[in-house]
Structure formats: structure tokens, C-alpha cells
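Asker: Okay, so here is final-v1.cif, and as you'll see once you scroll down, it has mmCIF, C-alpha atoms.
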data_upload
loop_
_atom_site.label_atom_id
_atom_site.label_comp_id
_atom_site.auth_asym_id
_atom_site.auth_seq_id
_atom_site.Cartn_x
_atom_site.Cartn_y
_atom_site.Cartn_z
CA MET A 1 -2.42 18.86 17.91
CA VAL A 2 -1.92 16.20 20.56
CA SER A 3 1.66 15.28 21.37
CA PHE A 4 2.48 12.07 23.26
CA ALA A 5 5.89 11.64 24.84
CA GLY A 6 5.17 8.05 25.79
CA ALA A 7 2.54 5.54 26.83
CA SER A 8 2.76 2.49 29.04
CA GLY A 9 2.13 -1.12 28.15
CA TRP A 10 3.85 -1.48 24.79
CA CYS A 11 3.96 -4.94 23.31
CA ARG A 12 4.24 -6.22 19.78
CA PRO A 13 0.79 -7.63 18.92
CA GLU A 14 0.23 -11.13 17.69
CA LYS A 15 -1.15 -11.78 14.23
CA ILE A 16 -4.74 -10.60 13.90
CA SER A 17 -7.54 -13.11 13.90
CA CYS A 18 -9.08 -13.08 10.43
CA ALA A 19 -11.21 -15.57 8.58
CA ALA A 20 -9.04 -18.44 7.42
CA ASP A 21 -7.19 -17.56 4.21
CA ALA A 22 -9.22 -14.35 3.68
CA ILE A 23 -7.57 -11.64 1.59
CA GLY A 24 -7.76 -7.96 2.50
CA SER A 25 -8.81 -6.39 5.78
CA ASP A 26 -11.44 -7.97 8.01
CA GLY A 27 -13.81 -4.99 7.69
CA LYS A 28 -13.28 -3.88 11.28
CA ALA A 29 -10.54 -1.30 10.78
CA GLY A 30 -11.07 2.09 12.40
CA CYS A 31 -12.19 3.43 15.75
CA ARG A 32 -14.12 1.64 18.45
CA GLU A 33 -16.87 3.28 20.52
CA ASN A 34 -16.23 6.73 21.99
CA PRO A 35 -12.89 7.51 20.35
CA LYS A 36 -10.82 10.48 21.39
CA LYS A 37 -10.91 13.14 18.65
CA VAL A 38 -7.79 15.17 17.81
CA ASP A 39 -6.75 17.26 14.83
CA ARG A 40 -3.12 16.04 14.71
CA LEU A 41 -1.05 13.49 16.56
CA SER A 42 2.68 13.53 17.31
CA ILE A 43 4.07 10.35 18.89
CA LYS A 44 7.45 10.90 20.53
CA GLY A 45 7.63 7.95 22.92
CA PRO A 46 7.09 4.17 22.87
CA GLY A 47 3.66 2.78 23.67
CA VAL A 48 0.25 1.71 22.39
CA TYR A 49 -1.92 4.50 20.95
CA GLU A 50 -5.44 3.42 20.10
CA ASN A 51 -9.04 4.44 19.44
CA LEU A 52 -8.16 7.91 18.18
CA LEU A 53 -10.11 9.82 15.53
CA VAL A 54 -7.58 12.09 13.84
CA ASP A 55 -9.58 14.60 11.78
CA GLY A 56 -7.39 17.24 10.21
CA ALA A 57 -10.30 19.44 9.11
CA TRP A 58 -8.52 19.86 5.77
CA GLY A 59 -5.40 21.44 7.24
CA GLU A 60 -2.11 21.25 5.37
CA SER A 61 0.03 19.45 7.96
CA THR A 62 0.85 15.76 8.31
CA LEU A 63 -1.87 14.24 10.49
CA VAL A 64 0.13 11.63 12.42
CA LYS A 65 3.89 11.70 13.02
CA ILE A 66 5.57 8.68 14.60
CA VAL A 67 9.12 9.66 15.50
CA ALA A 68 9.67 7.13 18.34
CA ASP A 69 10.67 3.47 18.34
CA ASP A 70 8.48 0.63 19.68
CA VAL A 71 5.09 2.15 18.85
CA THR A 72 1.73 0.53 18.10
CA LEU A 73 -1.02 2.60 16.47
CA ARG A 74 -4.24 0.60 16.63
CA ASN A 75 -7.95 1.06 15.83
CA CYS A 76 -7.62 4.65 14.69
CA GLU A 77 -9.27 6.60 11.88
CA ILE A 78 -7.20 9.25 10.11
CA GLN A 79 -8.92 11.58 7.66
CA SER A 80 -9.47 14.99 6.09
CA GLY A 81 -6.02 16.38 5.43
CA ARG A 82 -4.21 18.08 2.58
CA HIS A 83 -0.85 16.46 3.32
CA ASN A 84 0.39 13.00 4.36
CA ALA A 85 -1.77 10.97 6.73
CA VAL A 86 0.96 9.07 8.61
CA LEU A 87 4.72 9.70 8.67
CA VAL A 88 6.90 6.99 10.25
CA VAL A 89 10.58 7.49 11.01
CA GLY A 90 10.80 5.17 14.02
CA LYS A 91 11.93 1.56 14.37
CA ASN A 92 9.76 -1.39 15.36
CA VAL A 93 6.39 0.25 14.64
CA VAL A 94 3.03 -1.48 14.12
CA ILE A 95 0.05 0.19 12.41
CA GLU A 96 -2.87 -2.16 12.94
CA SER A 97 -6.60 -2.07 12.15
CA CYS A 98 -6.50 1.61 11.14
CA LYS A 99 -8.64 3.35 8.52
CA ILE A 100 -6.90 6.07 6.51
CA HIS A 101 -8.87 8.02 3.93
CA HIS A 102 -9.51 11.36 2.26
CA VAL A 103 -6.09 12.96 2.34
CA LEU A 104 -6.22 15.11 -0.77
CA ALA A 105 -3.83 17.80 -1.97
CA GLY A 106 -4.31 20.03 -4.99
CA THR A 107 -7.07 19.31 -7.47
CA PHE A 108 -7.84 16.49 -9.87
CA LYS A 109 -6.21 18.42 -12.73
CA ASP A 110 -3.25 19.48 -10.59
CA GLN A 111 -2.92 16.63 -8.13
CA LYS A 112 -0.29 16.89 -5.38
CA ASP A 113 1.20 14.17 -3.19
CA ALA A 114 -0.73 13.36 -0.04
CA HIS A 115 0.32 9.84 0.92
CA GLY A 116 -1.43 7.43 3.24
CA ILE A 117 1.69 6.09 4.99
CA THR A 118 5.18 7.35 4.22
CA GLY A 119 8.54 8.09 5.85
CA GLN A 120 11.75 6.18 6.55
CA PRO A 121 10.77 3.24 8.79
CA THR A 122 12.74 0.21 9.91
CA MET A 123 10.83 -2.89 11.05
CA LEU A 124 7.36 -1.59 10.24
CA VAL A 125 4.22 -3.76 10.18
CA ILE A 126 1.07 -2.45 8.48
CA ARG A 127 -1.69 -4.95 9.26
CA ASN A 128 -5.45 -5.14 8.70
CA CYS A 129 -5.67 -1.53 7.55
CA GLU A 130 -7.87 0.14 4.95
CA ILE A 131 -6.31 2.97 2.95
CA SER A 132 -8.35 4.80 0.33
CA MET A 133 -8.99 8.11 -1.41
CA VAL A 134 -5.54 9.67 -1.22
CA SER A 135 -4.11 11.96 -3.88
CA GLY A 136 -0.62 10.47 -3.68
CA ASP A 137 0.19 6.83 -2.97
CA CYS A 138 -1.43 4.77 -0.24
CA ILE A 139 2.09 3.67 0.77
CA GLN A 140 5.29 5.28 -0.44
CA PHE A 141 8.77 4.73 0.96
CA ASP A 142 10.63 7.06 0.66
CA PRO A 143 9.83 10.28 -1.24
CA GLY A 144 13.35 11.56 -0.53
CA ARG A 145 14.91 8.13 -1.19
CA GLY A 146 16.40 7.95 2.30
CA PRO A 147 17.14 4.64 4.05
CA TRP A 148 14.22 2.39 5.00
CA ASP A 149 13.95 -1.37 5.49
CA ASP A 150 12.02 -4.42 6.66
CA VAL A 151 8.40 -3.45 5.94
CA LEU A 152 5.59 -6.00 6.15
CA VAL A 153 2.15 -5.16 4.71
CA GLU A 154 -0.45 -7.87 5.35
CA ASN A 155 -4.22 -8.32 5.24
CA CYS A 156 -4.82 -4.76 4.07
CA THR A 157 -7.28 -3.29 1.59
CA PHE A 158 -6.28 -0.49 -0.78
CA ARG A 159 -8.87 1.31 -2.90
CA THR A 160 -9.55 4.35 -4.95
CA GLY A 161 -12.67 5.30 -6.84
CA PRO A 162 -15.01 8.15 -7.66
CA LEU A 163 -15.50 10.50 -4.73
CA GLU A 164 -19.02 10.44 -3.34
CA SER A 165 -18.98 14.20 -2.70
CA ASP A 166 -16.73 17.23 -3.10
CA ALA A 167 -13.66 17.03 -0.87
CA ALA A 168 -10.82 19.56 -0.50
CA GLY A 169 -10.02 20.67 -4.07
CA PHE A 170 -11.59 17.58 -5.66
CA LYS A 171 -15.10 17.26 -7.03
CA LYS A 172 -17.70 14.55 -6.72
CA GLY A 173 -17.03 11.75 -9.19
CA GLU A 174 -13.30 12.47 -9.56
CA ARG A 175 -10.98 9.58 -8.72
CA PRO A 176 -7.79 10.55 -6.85
CA GLY A 177 -4.56 8.63 -6.47
CA GLU A 178 -1.31 7.55 -8.11
CA ASN A 179 -0.46 4.04 -6.87
CA ALA A 180 -1.41 1.82 -3.97
CA VAL A 181 2.28 1.13 -3.28
CA ASP A 182 5.21 3.03 -4.79
CA THR A 183 8.81 2.20 -3.86
CA LYS A 184 11.74 4.61 -4.05
CA GLN A 185 15.41 4.17 -3.21
CA LYS A 186 18.91 4.85 -4.54
CA VAL A 187 21.80 2.46 -4.97
CA SER A 188 24.03 4.36 -2.55
CA ASN A 189 21.76 3.14 0.29
CA PRO A 190 21.28 -0.51 1.34
CA ARG A 191 18.60 -2.27 -0.70
CA SER A 192 15.23 -1.74 1.02
CA ARG A 193 13.06 -4.81 1.70
CA MET A 194 9.27 -5.14 1.73
CA THR A 195 6.80 -8.03 1.88
CA ILE A 196 3.19 -7.57 0.72
CA ARG A 197 0.85 -10.47 1.41
CA ASN A 198 -2.86 -11.26 1.64
CA CYS A 199 -3.81 -7.78 0.38
CA LEU A 200 -6.51 -6.45 -1.95
CA PHE A 201 -5.87 -3.69 -4.51
CA GLU A 202 -8.62 -2.16 -6.62
CA GLY A 203 -9.51 0.97 -8.52
CA TRP A 204 -6.30 2.40 -10.01
CA LYS A 205 -7.43 3.24 -13.51
CA GLN A 206 -8.22 6.96 -13.62
CA PRO A 207 -7.07 8.68 -16.83
CA GLY A 208 -4.93 11.79 -16.88
CA GLN A 209 -3.06 11.50 -13.57
CA VAL A 210 -0.09 9.17 -14.09
CA SER A 211 0.97 7.37 -17.25
CA ASN A 212 0.92 3.59 -16.86
CA LEU A 213 -1.09 3.83 -13.66
CA ALA A 214 -0.56 0.75 -11.48
CA ALA A 215 -1.73 -0.65 -8.18
CA LEU A 216 1.84 -1.77 -7.37
CA ASN A 217 4.63 0.35 -8.83
CA LEU A 218 7.77 -1.51 -7.73
CA LYS A 219 10.98 0.17 -8.80
CA ASN A 220 14.42 1.40 -7.70
CA HIS A 221 16.87 -0.29 -5.32
CA VAL A 222 14.37 -2.46 -3.41
CA GLU A 223 13.57 -6.12 -2.85
CA VAL A 224 9.83 -6.87 -2.70
CA LYS A 225 7.89 -10.09 -2.23
CA VAL A 226 4.21 -10.10 -3.23
CA GLU A 227 2.26 -13.10 -1.97
CA ASN A 228 -1.39 -14.22 -2.08
CA CYS A 229 -2.82 -10.88 -3.20
CA LEU A 230 -5.86 -9.94 -5.30
CA PHE A 231 -6.06 -7.16 -7.89
CA ARG A 232 -9.22 -5.86 -9.54
CA ASP A 233 -10.32 -2.87 -11.63
CA ASN A 234 -6.86 -1.44 -12.37
CA GLU A 235 -5.14 -0.09 -15.46
CA ILE A 236 -2.06 -2.13 -14.50
CA CYS A 237 -2.04 -4.53 -11.56
CA LEU A 238 1.73 -5.02 -11.19
CA ARG A 239 4.24 -2.65 -12.74
CA LEU A 240 7.70 -4.18 -12.19
CA ARG A 241 10.70 -2.08 -13.14
CA GLY A 242 14.41 -2.55 -13.56
CA GLY A 243 16.92 0.16 -14.29
CA GLU A 244 20.46 1.36 -13.88
CA GLY A 245 22.17 4.49 -12.62
CA GLU A 246 21.47 6.34 -9.40
CA TYR A 247 18.22 4.55 -8.54
CA GLY A 248 18.86 1.04 -9.85
CA GLY A 249 16.19 -1.60 -10.38
CA ALA A 250 13.92 -3.70 -8.21
CA LEU A 251 14.23 -7.35 -7.24
CA VAL A 252 10.68 -8.74 -7.21
CA SER A 253 9.03 -12.09 -6.61
CA VAL A 254 5.29 -12.63 -7.11
CA GLU A 255 3.79 -15.80 -5.64
CA ARG A 256 0.20 -17.03 -5.92
CA CYS A 257 -1.69 -13.84 -6.82
CA ALA A 258 -4.78 -13.29 -8.97
CA VAL A 259 -5.97 -10.48 -11.24
CA TYR A 260 -9.45 -9.51 -12.44
CA ASP A 261 -11.14 -6.88 -14.63
CA SER A 262 -7.99 -4.92 -15.47
CA ALA A 263 -6.38 -3.67 -18.67
CA VAL A 264 -2.94 -5.19 -17.95
CA ALA A 265 -2.07 -7.86 -15.40
CA VAL A 266 1.72 -7.36 -15.40
CA ARG A 267 3.92 -4.74 -17.04
CA ILE A 268 7.62 -5.71 -17.08
CA GLU A 269 10.10 -2.93 -17.78
CA ASP A 270 13.71 -1.88 -18.18
CA LYS A 271 15.38 -5.32 -18.15
CA ILE A 272 14.38 -6.03 -14.58
CA GLY A 273 16.64 -8.79 -13.29
CA ASP A 274 15.82 -12.04 -11.48
CA LEU A 275 12.07 -11.43 -11.69
CA LYS A 276 10.08 -14.44 -10.52
CA ILE A 277 6.32 -14.72 -11.14
CA ARG A 278 5.08 -18.08 -9.93
CA GLY A 279 1.39 -18.85 -9.89
CA LEU A 280 -0.54 -15.97 -11.46
CA GLY A 281 -4.29 -16.46 -11.57
CA ILE A 282 -5.90 -14.83 -14.60
CA GLY A 283 -9.53 -14.06 -13.81
CA GLY A 284 -12.17 -12.60 -16.09
CA GLY A 285 -11.89 -9.21 -17.74
CA ILE A 286 -8.12 -9.09 -18.31
CA GLY A 287 -7.10 -7.20 -21.46
CA LYS A 288 -3.43 -8.24 -21.62
CA LYS A 289 -1.69 -10.72 -19.39
CA VAL A 290 1.85 -9.35 -19.81
CA VAL A 291 3.26 -6.24 -21.45
CA TYR A 292 7.01 -5.83 -21.99
CA ALA A 293 8.49 -2.34 -22.26
CA GLY A 294 11.92 -0.69 -22.26
CA GLY A 295 13.74 -3.97 -22.77
CA GLY A 296 11.29 -6.12 -20.82
CA ALA A 297 12.69 -8.75 -18.52
CA GLY A 298 16.38 -9.25 -17.85
CA PRO A 299 18.38 -12.35 -16.87
CA GLY A 300 16.86 -14.77 -14.40
CA PHE A 301 13.24 -14.17 -15.46
CA GLU A 302 10.67 -16.84 -14.60
CA LEU A 303 6.97 -16.80 -15.45
CA SER A 304 5.28 -20.06 -14.50
CA GLY A 305 2.21 -21.67 -13.01
CA GLU A 306 -0.64 -19.66 -14.55
CA PHE A 307 -3.97 -20.88 -13.18
CA GLU A 308 -7.66 -20.12 -13.30
CA PRO A 309 -8.61 -18.54 -9.96
CA PRO A 310 -11.97 -18.77 -8.24
CA ARG A 311 -14.45 -15.94 -8.73
CA PHE A 312 -13.31 -12.72 -7.11
CA GLU A 313 -15.63 -12.77 -4.09
CA ALA A 314 -14.81 -16.41 -3.38
CA ALA A 315 -11.08 -15.69 -3.60
CA LYS A 316 -11.44 -12.68 -1.33
CA LYS A 317 -13.26 -14.75 1.27
CA GLY A 318 -11.37 -18.02 1.01
CA GLY A 319 -7.99 -17.17 -0.46
CA LEU A 320 -6.09 -18.70 -3.36
CA MET A 321 -4.54 -21.80 -1.83
CA ASN A 322 -5.39 -25.14 -3.34
CA PRO A 323 -7.29 -27.44 -0.94
CA GLY A 324 -4.23 -29.69 -0.67
CA GLU A 325 -2.04 -26.73 0.32
CA ARG A 326 -4.14 -25.54 3.26
#
As C-alpha cells, please, write out the structure in this file.
Answerer:
Amino acid sequence: MVSFAGASGWCRPEKISCAADAIGSDGKAGCRENPKKVDRLSIKGPGVYENLLVDGAWGESTLVKIVADDVTLRNCEIQSGRHNAVLVVGKNVVIESCKIHHVLAGTFKDQKDAHGITGQPTMLVIRNCEISMVSGDCIQFDPGRGPWDDVLVENCTFRTGPLESDAAGFKKGERPGENAVDTKQKVSNPRSRMTIRNCLFEGWKQPGQVSNLAALNLKNHVEVKVENCLFRDNEICLRLRGGEGEYGGALVSVERCAVYDSAVAVRIEDKIGDLKIRGLGIGGGIGKKVVYAGGGAGPGFELSGEFEPPRFEAAKKGGLMNPGER
């Protein structure tokens, strides 16, 4: 394990340069030439940490721990672990242009949580990253429902699919994963906030792992904005959940997103309040546009502006904005 107490030259990076209006990562996430290879990484001081290949060799420890404030993790590849890939408990952290994949715990029949990015962050930016093939959620805040807030996820690609070869306790052809994003919180903490924009989600449809499997599983005492995202090849694209009691329900707005080749576009549950879905593009291959369960939508519900989106590849490359809105 490599432990860093600090690194010089920290600065908050500007927005990445991607193709205009493109959705998902730019395809350049991961290491550059001649990366430094380590088995684990512990970041205990502010700074920029970049071009690191973190290969856990299928150990059972978290691969990267960020416990300091004012940290940038950039152009890294994080792989081959049986526990979480990245744990963030610091403030003002940026994870940019990183590739996170193959963190797999348990087996397909007895899948355990190994998340891509997790923890209790405040002011976290996850930008231009690719997260795939994890046996938990690509992003989950917070498994213990501790305080977290102000998370921005933009221009990222999230995927799962059949494994190309045996890995850890999983076999070739098995498809790991629970959700791309899963939110957790309790009402005794301040409501946690997250924005997800310009992201691509595909592949969450494997049978037998989680009932009502969804790319986005937005629930509990959180406020989430989902903007200009694409969803393809999922059982459920957006699972939006209300609720009462200890965990409460989510406040969610969905603006200008499109869905393709999925069983259910939107599942609305448990009298979720003040849900706004404005501008949902229904592409080809959608079984059901909306499913209501457990009381469906609560007061303040709006569903408006359905449109026919461009073909998936065109939307991925050029975005979903109308020409007059560019």
C-alpha cells in the first residue's frame, strides 16, 4: 500500500474539454503512459494524485482511501479488488478521468457489496470517469447513512454486462452489479444533495440479483437532479422512491433525459412528493414508459414534455438539446 501525506500543487480543475454536448465520458479515462503501479492507495493530505494504476490483485481491502480535504485524483485506473474501489470522506475532492472496474465480492449467486465510489463526502466532483463491473453500486452514498452532501457527477459512463472471463468469484458471462447510483440517508441528518448530468447508464438488467433492478435508484432523505442523461439496456432506467419513517423519501427532478431498449423507463413509488419529470425522450425498445407502485406519485407531481429523441448513438455524440437551445 502507498500512503501519501500530501502533494504540492493542488488546484480545483476547470471543466473538462469534451465534444460539444456529448453525453458520457470522452473515452480517455484511465492512466497515461508509464503509470506508477501500487496495490492500494491511502491519501491523507491535500494535493493532485495522478497517473496511478491501483491493482489490488483481488485483495479484500478498499483500494483507494481519500481521508483528506482538497484532493484531486486524476487519470488513474483502479481495478481487481474484492471490496470498495474508492472511499471518500474528505471535503472538496475531485475524481476526474479515472477508470474503475472489476471490484467483485462474493459470487454471482451470493453477491456482496463492492462499490465503485462510496463514503461520506462533502463537495465531491466525479467527472469524466468510467465505472463498470462492480458487484455493488457504481456510486453509493452512504452505506451507513451518515452525513454527505453536494455531490456532482458529470460526463461519466456507467456500465455493467457479461464478464468476458472469470474474475474473483464470478464466472465468464455472469453480469455483476446492483445499481449505477444508489442513494441512502436518514431524516435525522440534513438532506443530502446530488446532481447527475450528461451521463450514460447501460446494462442493469441481470435477473436474480436485486428485485426491480435500476440504473438510478434514488431514495431516502436526498435531493437529486438528473439532467441530460441517456439510459439504455436496463430493467428500470429511473427508480424514484418516496417514503416515510426513519429514512424518508427523495426529492427528484429529471430534466431532458432519454431512454432506450429498456423494460421500464420510470418506476414511481411510495407517494414520492414534488417529483418533476420534464422532457423525457422515449426511444425505441421501451416496454413501459411509467410504472406506479406503492401509492405512486404524491403531491406536486409533474410529468411533461415527452419527446422523440435522436437515435442513441447520435444522442450520445451530440446530446439532447434542440438546435434552438444550443
Asker: Do a neighbour search on Glu77 in chain A at 9 Å with all atoms listed in the file, toss out local chain neighbours closer than 2 positions, and write the hits as a list in words.
Answerer: Ala29, Gly30, Cys31, Asn51, Leu52, Leu53, Val54, Asp55, Asn75, Gln79, Cys98, Lys99, Ile100 and His101 of chain A
Asker: Can you measure CA of Arg127 in chain A to CA of Glu154 in chain A for me? One decimal in Å is fine.
Answerer: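 Computed distance, CA of Arg127 in chain A to CA of Glu154 in chain A, equals 5.0 Å.
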Asker: Just give me the gap between CA of Val226 in chain A and CA of Gln185 in chain A in Å, one decimal is fine.
Answerer: 18.1 Å
Asker: Around all the atoms of range 29-38 of chain A listed in the file, draw an axis-aligned box and extend it by 3 Å on each of the six sides; I want its centre and edge lengths in Å to one decimal, as lines of an AutoDock Vina configuration file.
Answerer:
center_x = -12.3
center_y = 6.9
center_z = 16.4
size_x = 15.1
size_y = 22.5
size_z = 17.2
Asker: Enter the distance from CA of Val103 in chain A to CA of Arg193 in chain A, in Å, rounded to one decimal.
Answerer: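 Going from CA of Val103 in chain A over to CA of Arg193 in chain A, I get 26.1 Å.
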Asker: List as a list of chain:residue names the protein and nucleic acid residues near Ile126 in chain A, meaning an atom at most 8 Å away when only C-alpha atoms are counted, but skip any in the same chain fewer than 2 places from it.
Answerer: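 What passes the distance filter is A:Val94, A:Ile95, A:Glu96, A:Leu124, A:Asn128, A:Cys129, A:Val151, A:Leu152, A:Val153, A:Glu154, A:Cys156.
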Asker: Can you spell out as a PyMOL selection string the set of residues that the PyMOL selection byres ((chain A and resi 198-212) around 8) selects in the structure I just provided?
Answerer: chain A and resi 22-25+108-109+111+153-161+175-180+196-197+213-215+227-236+316
Asker: Would you save the residues of that selection, restricted to C-alpha atoms, as a compact mmCIF listing (two decimals), keeping the file's coordinate frame?
Answerer:
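File written: selection23.txt
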# COMPACT_ATOMS: atom_id res chain seq x y z
CA ALA A 22 -9.22 -14.35 3.68
CA ILE A 23 -7.57 -11.64 1.59
CA GLY A 24 -7.76 -7.96 2.50
CA SER A 25 -8.81 -6.39 5.78
CA PHE A 108 -7.84 16.49 -9.87
CA LYS A 109 -6.21 18.42 -12.73
CA GLN A 111 -2.92 16.63 -8.13
CA VAL A 153 2.15 -5.16 4.71
CA GLU A 154 -0.45 -7.87 5.35
CA ASN A 155 -4.22 -8.32 5.24
CA CYS A 156 -4.82 -4.76 4.07
CA THR A 157 -7.28 -3.29 1.59
CA PHE A 158 -6.28 -0.49 -0.78
CA ARG A 159 -8.87 1.31 -2.90
CA THR A 160 -9.55 4.35 -4.95
CA GLY A 161 -12.67 5.30 -6.84
CA ARG A 175 -10.98 9.58 -8.72
CA PRO A 176 -7.79 10.55 -6.85
CA GLY A 177 -4.56 8.63 -6.47
CA GLU A 178 -1.31 7.55 -8.11
CA ASN A 179 -0.46 4.04 -6.87
CA ALA A 180 -1.41 1.82 -3.97
CA ILE A 196 3.19 -7.57 0.72
CA ARG A 197 0.85 -10.47 1.41
CA LEU A 213 -1.09 3.83 -13.66
CA ALA A 214 -0.56 0.75 -11.48
CA ALA A 215 -1.73 -0.65 -8.18
CA GLU A 227 2.26 -13.10 -1.97
CA ASN A 228 -1.39 -14.22 -2.08
CA CYS A 229 -2.82 -10.88 -3.20
CA LEU A 230 -5.86 -9.94 -5.30
CA PHE A 231 -6.06 -7.16 -7.89
CA ARG A 232 -9.22 -5.86 -9.54
CA ASP A 233 -10.32 -2.87 -11.63
CA ASN A 234 -6.86 -1.44 -12.37
CA GLU A 235 -5.14 -0.09 -15.46
CA ILE A 236 -2.06 -2.13 -14.50
CA LYS A 316 -11.44 -12.68 -1.33
